[in-house]
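Let me begin by presenting the structure, written as structure tokens, before commenting on it.
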Amino acid sequence: MKSTGVVRRVDDLGRIVIPKEIRRTLRIRDGESLEIFVDREMIALKKFSKMTDMDEISKQLVDIVNTVIHQNVFITDRDNFIAGSGDLRKKYLGKPISKSLELIMKERKTIVEHSLHSIELCDSVSENYAYVICPVIMNGDAIGLVLIVSDNSDIGQVEEKMADVVSKFLGKHIEE
């Protein structure tokens, strides 16, 4: 772990302020939850994602959906691609999602592009894909996305329904 050189004083309520530049770099938003870890005399903060608990089931889901529809399938949390299956898996898995995907998530709408269309999945990388992007909603909050992506224009109703089923399953499963 590297030092930032930033020193902060704990106030009388036990609070510290995380500098804006660090919050921006780590994409920590106002009101977002942080998980606290303690190791001897060290405290570490990590962004908390309800989708992290879904890692294993997300990996299984994308593999099953890929086997059925033979398309690239991805699941994101609010920040990163956390599960993927298909030819594009290595290109995006573990990478941060783009501002465009963050906006789609925030709008809580399913987006479908049946033919090849330019989209930025990771920051500063626009590619031509046909796609369906469906938000994962839990208790009214968008906590991730399900993406089915094709590098040829064959996204149809099956892919739309599949993305919807996966997103609803994840949202419901996390609520329980």
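Labeling convention for the structure tokens: chains A, B, ... as they appear, residues from 1 per chain, ligands from 1 in order of appearance.
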Alpha helix (DSSP H) per DSSP on the backbone: members of range 7-132 of chain A, as a PyMOL selection string: chain A and resi 20-25+55-69+89-92+99-107
Store the residues picked out above in a file with N, CA and C atoms, as a compact mmCIF listing (two decimals), in the first residue's frame.
# COMPACT_ATOMS: atom_id res chain seq x y z
N LYS A 20 -10.97 15.37 -1.99
CA LYS A 20 -11.74 15.32 -3.23
C LYS A 20 -10.98 14.61 -4.35
N GLU A 21 -9.70 14.88 -4.47
CA GLU A 21 -8.91 14.28 -5.54
C GLU A 21 -8.85 12.75 -5.40
N ILE A 22 -8.74 12.27 -4.17
CA ILE A 22 -8.73 10.82 -3.93
C ILE A 22 -10.10 10.25 -4.24
N ARG A 23 -11.18 10.95 -3.81
CA ARG A 23 -12.54 10.47 -4.11
C ARG A 23 -12.77 10.42 -5.61
N ARG A 24 -12.29 11.42 -6.33
CA ARG A 24 -12.46 11.46 -7.79
C ARG A 24 -11.68 10.32 -8.45
N THR A 25 -10.44 10.13 -8.04
CA THR A 25 -9.59 9.08 -8.60
C THR A 25 -10.20 7.70 -8.38
N ASP A 55 -20.35 -12.22 -7.17
CA ASP A 55 -19.29 -12.57 -8.11
C ASP A 55 -19.46 -13.97 -8.71
N GLU A 56 -19.59 -14.96 -7.86
CA GLU A 56 -19.64 -16.34 -8.35
C GLU A 56 -20.89 -16.60 -9.18
N ILE A 57 -22.04 -16.14 -8.69
CA ILE A 57 -23.27 -16.37 -9.45
C ILE A 57 -23.27 -15.57 -10.75
N SER A 58 -22.66 -14.38 -10.74
CA SER A 58 -22.55 -13.57 -11.96
C SER A 58 -21.73 -14.28 -13.02
N LYS A 59 -20.61 -14.88 -12.59
CA LYS A 59 -19.76 -15.61 -13.53
C LYS A 59 -20.51 -16.80 -14.14
N GLN A 60 -21.25 -17.51 -13.30
CA GLN A 60 -22.02 -18.65 -13.80
C GLN A 60 -23.13 -18.19 -14.75
N LEU A 61 -23.81 -17.12 -14.39
CA LEU A 61 -24.88 -16.59 -15.24
C LEU A 61 -24.39 -16.20 -16.63
N VAL A 62 -23.29 -15.43 -16.70
CA VAL A 62 -22.82 -14.99 -18.02
C VAL A 62 -22.36 -16.18 -18.86
N ASP A 63 -21.77 -17.19 -18.22
CA ASP A 63 -21.35 -18.38 -18.97
C ASP A 63 -22.56 -19.14 -19.52
N ILE A 64 -23.60 -19.28 -18.71
CA ILE A 64 -24.81 -19.98 -19.16
C ILE A 64 -25.49 -19.22 -20.29
N VAL A 65 -25.65 -17.91 -20.11
CA VAL A 65 -26.31 -17.10 -21.15
C VAL A 65 -25.50 -17.14 -22.44
N ASN A 66 -24.18 -17.05 -22.34
CA ASN A 66 -23.32 -17.12 -23.52
C ASN A 66 -23.49 -18.46 -24.24
N THR A 67 -23.60 -19.53 -23.49
CA THR A 67 -23.78 -20.87 -24.08
C THR A 67 -25.11 -20.95 -24.84
N VAL A 68 -26.15 -20.29 -24.33
CA VAL A 68 -27.47 -20.35 -24.93
C VAL A 68 -27.59 -19.44 -26.16
N ILE A 69 -27.12 -18.20 -26.04
CA ILE A 69 -27.35 -17.23 -27.14
C ILE A 69 -26.10 -16.93 -27.97
N ARG A 89 -14.49 -10.94 -23.62
CA ARG A 89 -14.32 -11.03 -22.17
C ARG A 89 -13.01 -10.39 -21.70
N LYS A 90 -11.89 -10.79 -22.28
CA LYS A 90 -10.59 -10.30 -21.83
C LYS A 90 -10.42 -8.81 -22.07
N LYS A 91 -11.11 -8.28 -23.06
CA LYS A 91 -10.98 -6.87 -23.40
C LYS A 91 -11.59 -5.96 -22.33
N TYR A 92 -12.65 -6.43 -21.67
CA TYR A 92 -13.38 -5.55 -20.73
C TYR A 92 -13.38 -6.01 -19.28
N LYS A 99 -18.20 6.66 -18.66
CA LYS A 99 -19.18 7.66 -18.21
C LYS A 99 -20.51 7.42 -18.92
N SER A 100 -20.47 6.98 -20.18
CA SER A 100 -21.69 6.69 -20.94
C SER A 100 -22.50 5.60 -20.25
N LEU A 101 -21.83 4.54 -19.82
CA LEU A 101 -22.54 3.47 -19.12
C LEU A 101 -23.04 3.94 -17.76
N GLU A 102 -22.28 4.79 -17.08
CA GLU A 102 -22.74 5.34 -15.81
C GLU A 102 -24.04 6.12 -16.00
N LEU A 103 -24.13 6.90 -17.10
CA LEU A 103 -25.35 7.67 -17.38
C LEU A 103 -26.52 6.74 -17.69
N ILE A 104 -26.28 5.69 -18.46
CA ILE A 104 -27.34 4.72 -18.76
C ILE A 104 -27.85 4.09 -17.46
N MET A 105 -26.93 3.75 -16.57
CA MET A 105 -27.32 3.17 -15.29
C MET A 105 -28.16 4.15 -14.49
N LYS A 106 -27.72 5.39 -14.46
CA LYS A 106 -28.41 6.43 -13.70
C LYS A 106 -29.83 6.64 -14.23
N GLU A 107 -30.03 6.53 -15.55
CA GLU A 107 -31.34 6.73 -16.16
C GLU A 107 -32.28 5.55 -15.93
Ala142 in chain A surroundings by only C-alpha atoms, 9 Å radius, close-in-sequence under 4 positions cut, as an MDAnalysis selection string: chainID A and resid 78 105:108 135:138 171
Non-local contacts of Glu159 in chain A (10 Å; only C-alpha atoms; under 3 positions in same chain excluded) as a list in words: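 Answer for this query is Val65, Ile69, His70, Gln71, Val73, Val112, His114, Tyr131, Val132, Ile133, Leu147, Ile148, Val149, Asp154, Ile155, Gly156, Met162, Ala163, Asp164 and Val165 of chain A.
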A:Glu120, A:Glu32, A:Asp77, A:Asp151 ranked by distance to Leu170 in chain A, top pick (using only C-alpha atoms):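 Result for the nearest residue to Leu170 in chain A: A:Asp77.
Of the listed residues (A:Phe74, A:Thr110, A:Asp30, A:Gly14), A:Phe74 comes nearest to Asp87 in chain A; the distances count only C-alpha atoms.
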Gap from CA of Gly5 in chain A to CA of Lys47 in chain A - Å, one decimal: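 Here the two named atoms are 20.6 Å from each other.
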Separation of CA of Cys134 in chain A from CA of Phe81 in chain A in Å: 13.7 Å
